[in-house]
$ cat model-v2.cif   # mmCIF, C-alpha atoms
data_data
#
loop_
_atom_site.label_atom_id
_atom_site.label_comp_id
_atom_site.auth_asym_id
_atom_site.auth_seq_id
_atom_site.Cartn_x
_atom_site.Cartn_y
_atom_site.Cartn_z
CA MET N 29 0.00 0.00 0.00
CA LYS N 30 2.84 2.39 0.90
CA TYR N 31 4.42 1.70 -2.49
CA ILE N 32 1.15 2.48 -4.29
CA LEU N 33 0.69 5.73 -2.40
CA THR N 34 4.28 6.76 -3.08
CA CYS N 35 3.79 6.09 -6.79
CA ILE N 36 0.56 8.10 -6.81
CA LEU N 37 2.28 11.00 -5.06
CA LEU N 38 5.31 11.01 -7.36
CA PHE N 39 3.04 10.78 -10.42
CA SER N 40 1.02 13.70 -9.16
CA ILE N 41 4.06 15.88 -8.46
CA SER N 42 5.61 15.13 -11.85
CA ARG N 43 2.44 16.35 -13.56
CA ALA N 44 2.18 19.45 -11.43
CA SER N 45 5.50 21.16 -12.20
CA GLU N 46 4.95 23.79 -14.86
CA LEU N 47 7.84 25.18 -16.87
CA ALA N 48 9.33 28.10 -14.94
CA ILE N 49 9.57 31.58 -16.44
CA GLY N 50 13.05 31.95 -17.96
CA SER N 51 13.33 28.23 -18.78
CA VAL N 52 14.64 27.19 -22.18
CA MET N 53 12.05 25.72 -24.55
CA PRO N 54 12.17 21.95 -24.04
CA GLU N 55 11.85 19.24 -26.68
CA VAL N 56 12.54 21.65 -29.55
CA ASN N 57 13.30 18.77 -31.92
CA HIS N 58 10.22 16.67 -31.09
CA LYS N 59 8.57 16.13 -34.49
CA MET N 60 4.78 16.27 -34.42
CA LEU N 61 2.41 15.28 -37.21
CA GLY N 62 0.35 18.21 -38.46
CA ILE N 63 -3.06 18.30 -40.09
CA ASN N 64 -1.44 18.89 -43.50
CA GLY N 65 0.51 15.63 -43.17
CA ASN N 66 3.88 17.26 -42.47
CA LYS N 67 5.90 16.72 -39.32
CA LEU N 68 6.90 19.86 -37.44
CA SER N 69 9.01 20.59 -34.39
CA LEU N 70 9.05 23.78 -32.34
CA LYS N 71 12.44 24.48 -33.91
CA ASP N 72 10.78 24.41 -37.34
CA VAL N 73 8.18 27.03 -36.44
CA LYS N 74 10.32 29.40 -34.38
CA GLY N 75 9.40 33.08 -34.97
CA GLU N 76 11.78 36.01 -35.47
CA LYS N 77 10.43 37.80 -32.40
CA GLY N 78 8.96 34.93 -30.45
CA THR N 79 7.09 31.63 -30.48
CA LEU N 80 3.61 31.03 -29.10
CA VAL N 81 2.69 27.44 -28.15
CA ILE N 82 -1.00 26.76 -27.51
CA PHE N 83 -1.98 23.42 -25.99
CA SER N 84 -5.46 22.84 -27.33
CA CYS N 85 -7.95 20.23 -28.52
CA ASN N 86 -11.11 19.90 -30.59
CA THR N 87 -13.90 19.64 -28.02
CA CYS N 88 -13.11 21.39 -24.72
CA PRO N 89 -15.80 24.04 -24.09
CA TRP N 90 -13.13 26.42 -22.79
CA VAL N 91 -11.20 26.01 -26.06
CA ILE N 92 -14.39 26.59 -28.03
CA LYS N 93 -14.97 29.83 -26.13
CA TRP N 94 -11.42 31.08 -26.61
CA GLU N 95 -10.24 29.78 -29.98
CA ASP N 96 -11.53 32.71 -32.01
CA ARG N 97 -8.80 34.63 -30.22
CA TYR N 98 -6.13 32.10 -31.30
CA VAL N 99 -6.91 33.17 -34.85
CA SER N 100 -7.04 36.91 -34.21
CA ILE N 101 -3.80 36.85 -32.22
CA SER N 102 -2.03 34.87 -34.94
CA GLU N 103 -3.38 37.29 -37.54
CA SER N 104 -2.29 40.34 -35.53
CA TYR N 105 1.20 39.19 -34.64
CA SER N 106 2.47 36.83 -37.34
CA SER N 107 3.49 39.82 -39.46
CA LYS N 108 5.36 41.16 -36.40
CA GLY N 109 7.51 38.05 -36.06
CA ILE N 110 5.48 35.92 -33.63
CA SER N 111 4.87 32.37 -34.83
CA VAL N 112 1.97 30.33 -33.45
CA ILE N 113 1.51 26.57 -33.17
CA GLY N 114 -1.48 24.65 -31.80
CA VAL N 115 -0.52 21.42 -30.05
CA ASN N 116 -3.01 18.65 -29.31
CA SER N 117 -1.71 16.35 -26.54
CA ASN N 118 -4.95 14.47 -25.86
CA VAL N 119 -3.30 11.10 -26.57
CA ALA N 120 -6.24 9.17 -25.11
CA ARG N 121 -8.50 10.68 -27.79
CA PHE N 122 -6.24 10.44 -30.83
CA GLY N 123 -8.41 7.51 -31.92
CA GLY N 124 -11.60 9.54 -31.54
CA ASP N 125 -12.50 13.21 -31.09
CA ASP N 126 -8.88 14.36 -31.42
CA SER N 127 -7.90 12.24 -34.43
CA LEU N 128 -5.81 13.95 -37.09
CA ASP N 129 -8.80 13.95 -39.46
CA LYS N 130 -11.04 15.59 -36.90
CA MET N 131 -8.30 18.08 -36.05
CA GLY N 132 -8.16 19.00 -39.73
CA GLU N 133 -11.93 19.43 -39.90
CA HIS N 134 -11.92 21.50 -36.73
CA ALA N 135 -9.09 23.75 -37.92
CA THR N 136 -10.84 24.37 -41.24
CA LYS N 137 -14.16 25.10 -39.59
CA LYS N 138 -12.60 27.54 -37.13
CA GLY N 139 -10.27 29.17 -39.65
CA TYR N 140 -7.02 28.25 -37.92
CA ASN N 141 -4.22 30.27 -39.51
CA PHE N 142 -1.36 28.39 -37.81
CA PRO N 143 -0.05 24.79 -37.75
CA TYR N 144 -2.07 22.35 -35.63
CA VAL N 145 -0.17 19.20 -34.64
CA GLN N 146 -0.51 15.98 -32.65
CA ASP N 147 1.92 15.63 -29.74
CA SER N 148 2.72 11.90 -29.84
CA GLY N 149 3.09 10.46 -26.36
CA ALA N 150 2.18 13.92 -25.03
CA LYS N 151 5.93 14.40 -24.89
CA LEU N 152 5.72 18.17 -25.29
CA ALA N 153 2.91 18.61 -22.77
CA LYS N 154 4.81 16.58 -20.18
CA ALA N 155 8.02 18.54 -20.77
CA PHE N 156 6.14 21.84 -20.46
CA GLY N 157 4.10 20.74 -17.44
CA ALA N 158 1.01 21.66 -19.43
CA THR N 159 -2.12 20.37 -17.72
CA LYS N 160 -5.10 21.75 -19.57
CA THR N 161 -6.56 23.22 -22.72
CA PRO N 162 -6.11 26.00 -23.52
CA HIS N 163 -2.69 26.37 -21.91
CA ILE N 164 -0.46 29.08 -23.36
CA TYR N 165 3.35 29.38 -23.46
CA LEU N 166 5.21 32.34 -25.04
CA PHE N 167 8.96 32.23 -25.75
CA ASP N 168 11.37 34.99 -26.75
CA THR N 169 13.96 34.85 -29.54
CA SER N 170 16.38 33.04 -27.23
CA ASP N 171 13.71 30.37 -26.68
CA ARG N 172 13.29 31.45 -23.06
CA LEU N 173 9.80 31.27 -21.55
CA VAL N 174 8.51 34.79 -20.91
CA TYR N 175 4.79 34.14 -20.35
CA ARG N 176 2.51 31.23 -19.51
CA GLY N 177 -1.14 30.82 -18.63
CA ALA N 178 -4.31 32.18 -20.18
CA ILE N 179 -5.24 34.26 -23.22
CA ASP N 180 -7.27 36.79 -21.24
CA ASP N 181 -9.68 36.99 -18.33
CA ASN N 182 -12.98 36.34 -20.08
CA ALA N 183 -13.48 33.08 -21.97
CA ARG N 184 -17.13 33.71 -22.61
CA ASP N 185 -17.00 37.15 -24.20
CA ALA N 186 -14.03 38.62 -26.05
CA GLY N 187 -15.77 41.99 -25.94
CA SER N 188 -15.87 42.04 -22.14
CA VAL N 189 -12.22 41.26 -21.43
CA ASP N 190 -10.64 43.43 -18.73
CA GLU N 191 -7.12 42.05 -18.93
CA HIS N 192 -5.59 40.93 -22.23
CA PHE N 193 -2.84 38.86 -20.60
CA LEU N 194 -1.37 37.30 -23.74
CA SER N 195 -1.66 40.27 -26.10
CA ASN N 196 -0.05 42.50 -23.48
CA ALA N 197 2.81 40.01 -23.05
CA ILE N 198 3.33 39.79 -26.82
CA GLU N 199 3.34 43.58 -27.18
CA GLU N 200 5.92 43.86 -24.41
CA LEU N 201 8.01 41.07 -25.95
CA ILE N 202 8.03 42.73 -29.36
CA ALA N 203 8.98 46.06 -27.74
CA ASP N 204 11.85 44.37 -25.83
CA GLN N 205 10.25 45.35 -22.54
CA PRO N 206 9.99 43.19 -19.42
CA ILE N 207 6.76 41.19 -19.24
CA SER N 208 4.67 42.92 -16.60
CA LYS N 209 2.52 39.86 -15.86
CA PRO N 210 4.42 36.70 -16.81
CA ILE N 211 1.95 34.23 -15.30
CA SER N 212 -1.83 34.08 -15.36
CA LYS N 213 -4.36 31.36 -14.63
CA ALA N 214 -7.66 30.21 -16.07
CA ILE N 215 -9.85 27.16 -15.86
CA GLY N 216 -9.57 24.59 -18.63
CA CYS N 217 -10.12 20.95 -19.56
CA SER N 218 -7.53 18.46 -18.36
CA ILE N 219 -5.18 17.11 -21.01
CA LYS N 220 -6.12 13.48 -21.62
CA PHE N 221 -2.67 11.91 -21.27
CA ASN N 222 -3.85 8.29 -21.20
CA MET V 22 -40.69 8.12 -4.34
CA SER V 23 -37.11 8.11 -5.61
CA ILE V 24 -34.14 9.32 -3.58
CA GLN V 25 -33.48 12.00 -6.16
CA SER V 26 -36.90 13.60 -5.90
CA CYS V 27 -36.52 13.90 -2.09
CA THR V 28 -33.17 15.64 -2.34
CA LYS V 29 -33.14 19.35 -1.50
CA VAL V 30 -30.41 21.10 -3.44
CA GLU V 31 -28.86 24.33 -2.19
CA LEU V 32 -26.46 25.90 -4.69
CA ILE V 33 -24.78 29.13 -3.64
CA PRO V 34 -22.84 31.42 -6.02
CA SER V 35 -19.57 32.04 -4.16
CA THR V 36 -16.07 33.45 -4.36
CA SER V 37 -13.04 31.45 -3.32
CA ASN V 38 -12.88 33.47 -0.07
CA GLN V 39 -16.43 32.47 0.83
CA ILE V 40 -15.71 28.81 0.07
CA MET V 41 -12.48 28.83 2.07
CA SER V 42 -14.33 30.42 5.02
CA ARG V 43 -16.85 27.58 4.93
CA ILE V 44 -14.05 24.99 4.90
CA LYS V 45 -12.19 26.74 7.71
CA ALA V 46 -15.37 26.75 9.82
CA LEU V 47 -15.48 22.94 9.60
CA SER V 48 -11.96 22.57 11.04
CA GLY V 49 -11.98 20.55 14.25
CA GLU V 50 -15.42 19.18 13.42
CA LYS V 51 -15.05 17.27 10.15
CA ALA V 52 -12.51 16.36 7.49
CA VAL V 53 -13.33 18.12 4.22
CA LEU V 54 -13.11 16.93 0.64
CA LEU V 55 -13.32 19.87 -1.77
CA ASN V 56 -14.06 18.90 -5.37
CA ILE V 57 -14.19 21.45 -8.16
CA TRP V 58 -15.99 20.19 -11.22
CA ALA V 59 -18.09 21.28 -14.19
CA LEU V 60 -20.93 19.82 -16.23
CA TRP V 61 -18.86 20.05 -19.43
CA CYS V 62 -15.89 18.26 -17.84
CA VAL V 63 -16.19 14.56 -18.71
CA PRO V 64 -13.68 13.27 -16.10
CA CYS V 65 -15.46 15.37 -13.45
CA VAL V 66 -18.82 13.84 -14.29
CA GLU V 67 -17.30 10.36 -14.41
CA GLU V 68 -15.82 10.51 -10.90
CA PHE V 69 -18.73 12.44 -9.37
CA PRO V 70 -20.91 9.46 -8.28
CA MET V 71 -17.90 7.80 -6.64
CA ILE V 72 -17.22 10.95 -4.60
CA VAL V 73 -20.87 11.19 -3.52
CA ASP V 74 -20.79 7.53 -2.46
CA LEU V 75 -17.49 8.01 -0.60
CA GLY V 76 -18.93 11.00 1.23
CA ASN V 77 -21.94 8.96 2.30
CA SER V 78 -19.68 6.28 3.77
CA TYR V 79 -18.01 8.56 6.37
CA ASN V 80 -19.77 10.34 9.23
CA ASP V 81 -16.91 12.77 9.86
CA LEU V 82 -16.38 13.84 6.25
CA GLU V 83 -17.94 16.87 4.59
CA VAL V 84 -17.83 16.81 0.80
CA VAL V 85 -17.93 20.31 -0.68
CA PHE V 86 -18.74 20.42 -4.38
CA VAL V 87 -17.95 23.61 -6.28
CA SER V 88 -19.15 23.96 -9.85
CA ALA V 89 -16.96 25.97 -12.21
CA ASP V 90 -19.73 26.22 -14.78
CA PHE V 91 -20.89 29.58 -16.07
CA ASP V 92 -23.51 31.28 -13.90
CA ASP V 93 -26.18 30.92 -16.58
CA GLN V 94 -26.09 27.16 -16.03
CA ILE V 95 -27.34 27.21 -12.43
CA ILE V 96 -30.52 25.29 -13.28
CA GLU V 97 -28.57 22.55 -15.09
CA VAL V 98 -26.08 22.31 -12.21
CA GLU V 99 -28.90 22.06 -9.64
CA SER V 100 -30.53 19.35 -11.72
CA PHE V 101 -27.26 17.38 -11.88
CA LEU V 102 -26.73 17.67 -8.11
CA LYS V 103 -30.30 16.55 -7.45
CA GLN V 104 -29.93 13.64 -9.86
CA HIS V 105 -26.87 12.48 -7.91
CA GLY V 106 -28.49 12.84 -4.50
CA VAL V 107 -26.28 15.68 -3.24
CA ASP V 108 -28.15 17.12 -0.27
CA SER V 109 -25.46 19.28 1.34
CA ILE V 110 -24.77 22.91 0.44
CA SER V 111 -22.93 23.21 -2.87
CA TYR V 112 -21.33 26.17 -4.56
CA ILE V 113 -20.92 27.65 -8.02
CA LYS V 114 -18.03 29.94 -8.90
CA SER V 115 -19.01 33.61 -8.97
CA GLU V 116 -15.71 35.36 -9.69
CA LYS V 117 -13.15 35.49 -12.47
CA ASP V 118 -10.92 32.48 -13.01
CA GLU V 119 -7.61 33.84 -11.78
CA PRO V 120 -8.63 35.09 -8.30
CA PHE V 121 -10.80 32.00 -7.90
CA ILE V 122 -8.00 29.55 -8.77
CA THR V 123 -5.39 31.33 -6.68
CA GLY V 124 -7.79 31.69 -3.76
CA ILE V 125 -8.61 27.97 -3.74
CA HIS V 126 -5.00 26.73 -3.94
CA PRO V 127 -1.88 28.56 -5.18
CA ASP V 128 -0.53 25.44 -6.92
CA TRP V 129 -3.72 24.68 -8.84
CA THR V 130 -3.15 25.31 -12.57
CA GLY V 131 -6.87 25.58 -13.35
CA SER V 132 -7.28 22.07 -14.80
CA LEU V 133 -10.50 20.25 -13.87
CA PRO V 134 -11.41 18.30 -11.87
CA PHE V 135 -9.45 19.54 -8.86
CA THR V 136 -9.64 17.96 -5.41
CA VAL V 137 -8.30 19.06 -2.03
CA VAL V 138 -8.60 17.07 1.21
CA TYR V 139 -8.37 18.88 4.57
CA ALA V 140 -7.55 17.28 7.93
CA LYS V 141 -10.35 16.97 10.47
CA ASN V 142 -8.46 18.32 13.49
CA SER V 143 -5.90 20.74 12.11
CA GLY V 144 -7.76 21.84 8.97
CA ASN V 145 -4.46 21.56 7.08
CA ILE V 146 -4.30 20.25 3.53
CA VAL V 147 -3.58 16.51 3.53
CA ASP V 148 -3.49 16.06 -0.24
CA SER V 149 -4.55 17.74 -3.46
CA TRP V 150 -4.57 16.69 -7.09
CA GLU V 151 -5.73 17.64 -10.56
CA GLY V 152 -7.57 15.23 -12.82
CA LYS V 153 -9.75 12.18 -12.31
CA HIS V 154 -8.45 9.65 -9.82
CA SER V 155 -9.43 6.32 -8.36
CA ARG V 156 -11.49 5.71 -5.24
CA LEU V 157 -8.30 4.32 -3.71
CA ARG V 158 -6.58 7.71 -3.98
CA PHE V 159 -9.59 9.53 -2.53
CA LYS V 160 -10.04 7.03 0.30
CA ALA V 161 -6.36 7.08 1.27
CA ALA V 162 -6.43 10.88 1.56
CA VAL V 163 -9.69 10.91 3.53
CA ASP V 164 -8.42 8.25 5.94
CA ARG V 165 -5.32 10.34 6.59
CA ALA V 166 -7.45 13.46 6.99
CA LEU V 167 -9.54 11.78 9.68
CA GLU V 168 -6.41 10.85 11.63
CA SER V 169 -4.77 14.27 11.52
#
$ encode --input "model-v2.cif" --output "structure tokens"
Amino acid sequence: MKYILTCILLFSISRASELAIGSVMPEVNHKMLGINGNKLSLKDVKGEKGTLVIFSCNTCPWVIKWEDRYVSISESYSSKGISVIGVNSNVARFGGDDSLDKMGEHATKKGYNFPYVQDSGAKLAKAFGATKTPHIYLFDTSDRLVYRGAIDDNARDAGSVDEHFLSNAIEELIADQPISKPISKAIGCSIKFN
Amino acid sequence: MSIQSCTKVELIPSTSNQIMSRIKALSGEKAVLLNIWALWCVPCVEEFPMIVDLGNSYNDLEVVFVSADFDDQIIEVESFLKQHGVDSISYIKSEKDEPFITGIHPDWTGSLPFTVVYAKNSGNIVDSWEGKHSRLRFKAAVDRALES
């Protein structure tokens, strides 16, 4: 019994440690299959000014509420050197709702203007300490983490947002200013690791 | 008459401060199992009946359910609680995500479900975890909470 409890505890702790601000982007060479059939790593999509990694999926209601802002943020900042990649780590659902085909359908329906890839073995999510969807990580040109957390403070209504956490962080990153709020939190769906 | 139709549901919109005050007030009287869930969260709904059953099997355990659904889903949440025979006071989140998450537990990332178990005597946190877990995990934490 003690062994089982110890295993449970260690498992829990290993899942709980999120990538610290200032950490170097992990698993940059992990190739992930995208909806267009190509394999991409974070190294392949690195932006001139920064790289935005969005852990997401096809069905989470919190993703559905927020994903219009994935598209608008990508549209606003891709021309300013920020690259965006959507990462689906729901391994347990790769045979169902988060299959590559359904990811492709979802991306088309929602007008995704960035690569959307499957994280085999949830290797990236585990390395990042990502726990939920959406879960946002922004890196600078040196591949150092400068921001993690939520897109903003109002999933339900983009027009009623008080704090644009991610946009503010991107603006500060582009302007070479310190990130005034490097961490934020929001509720999301658990990543289905297994 | 079914058990469900006899159940009186009380669902209170609350901030994290109000929920933590309720939990603190139970210190010295009962161990507490706090479970934060949502109707749209499949793992939450899957483990929910097990938690209700576990709560019913201990006299000195108070199970506090907190729904993280949007406030326009109160009727659906009440219906779900009634359907599962929850007859204690339950809560639904009434503040923005960030202050709510931080106020409940500083290490919580916001992933659902989220569970915290508090000791009966000291009121200290015995264990906490994100995601769906087995009855074994829940029971082990509750047993420790009742001893400390």
$ closest_residue --input "model-v2.cif" --among "N:Gly114, N:Gly75, N:Gly216, N:Pro210" --to "Met131 in chain N" --atoms "all atoms listed in the file"
N:Gly114
$ closest_atom_pairs --input "model-v2.cif" --of "chain N" --to "chain V" --cutoff "7 Å" --atoms "only C-alpha atoms" --output "tab-separated table"
residue	atom	partner	partner_atom	distance
N:Ser40	CA	V:Trp150	CA	6.7
N:Pro89	CA	V:Trp61	CA	6.9
N:Thr159	CA	V:Ser132	CA	6.2
N:Lys160	CA	V:Ser132	CA	5.3
N:Asp181	CA	V:Lys117	CA	7.0
N:Ser212	CA	V:Glu119	CA	6.8
N:Lys213	CA	V:Glu119	CA	5.0
N:Ala214	CA	V:Asp118	CA	5.0
N:Ile215	CA	V:Gly131	CA	4.2
N:Gly216	CA	V:Ser132	CA	5.1
N:Cys217	CA	V:Ser132	CA	5.7
N:Ser218	CA	V:Ser132	CA	5.1
$ residues_around --input "model-v2.cif" --residues "range 195-203 of chain N" --least-positions-apart "5" --cutoff "12 Å" --atoms "all atoms listed in the file" --output "PyMOL selection string"
chain N and resi 75-80+97-98+100-112+164-170+172-181+189-190+208-212
$ resolve_selection --input "model-v2.cif" --expression "the PyMOL selection byres ((chain V and resi 56) around 6)" --output "PyMOL selection string"
chain V and resi 55+57+86+135-136
$ resolve_selection --input "model-v2.cif" --expression "the PyMOL selection byres ((chain V and resi 145) around 10)" --output "MDAnalysis selection string"
chainID V and resid 45 48 52:53 138:144 146:148 166 169
$ atom_distance --input "model-v2.cif" --atom1 "CA of Thr136 in chain N" --atom2 "CA of Ala158 in chain N"
25.0 Å
$ atom_distance --input "model-v2.cif" --atom1 "CA of Asn64 in chain N" --atom2 "CA of Asn118 in chain N"
18.5 Å
$ axis_aligned_box --input "model-v2.cif" --around "range 159-165 of chain V" --padding-each-side "5 Å" --output "JSON"
{"center_x": -7.7, "center_y": 9.0, "center_z": 2.0, "size_x": 14.7, "size_y": 13.9, "size_z": 19.1}
$ resolve_selection --input "model-v2.cif" --expression "the PyMOL selection byres ((chain N and resi 57) around 8)" --output "number ranges by chain"
N: 55-56, 58-59, 69-71
$ atom_distance --input "model-v2.cif" --atom1 "CA of Val73 in chain N" --atom2 "CA of Phe142 in chain N"
9.7 Å
$ residues_around --input "model-v2.cif" --residues "Glu95 in chain N" --least-positions-apart "6" --cutoff "12 Å" --atoms "only C-alpha atoms" --output "number ranges by chain"
N: 82-89, 101-102, 114, 134-135, 137-142, 161-164, 178-180, 183-186
$ closest_residue --input "model-v2.cif" --among "N:Ile113, N:Pro54, N:Ile63, N:Glu46" --to "Val99 in chain N" --atoms "all atoms listed in the file"
N:Ile113
$ residues_around --input "model-v2.cif" --residues "Ile110 in chain V" --least-positions-apart "2" --cutoff "12 Å" --atoms "all atoms listed in the file" --output "PyMOL selection string"
chain V and resi 28-35+40+43-44+83-88+99+102-103+106-108+112-113
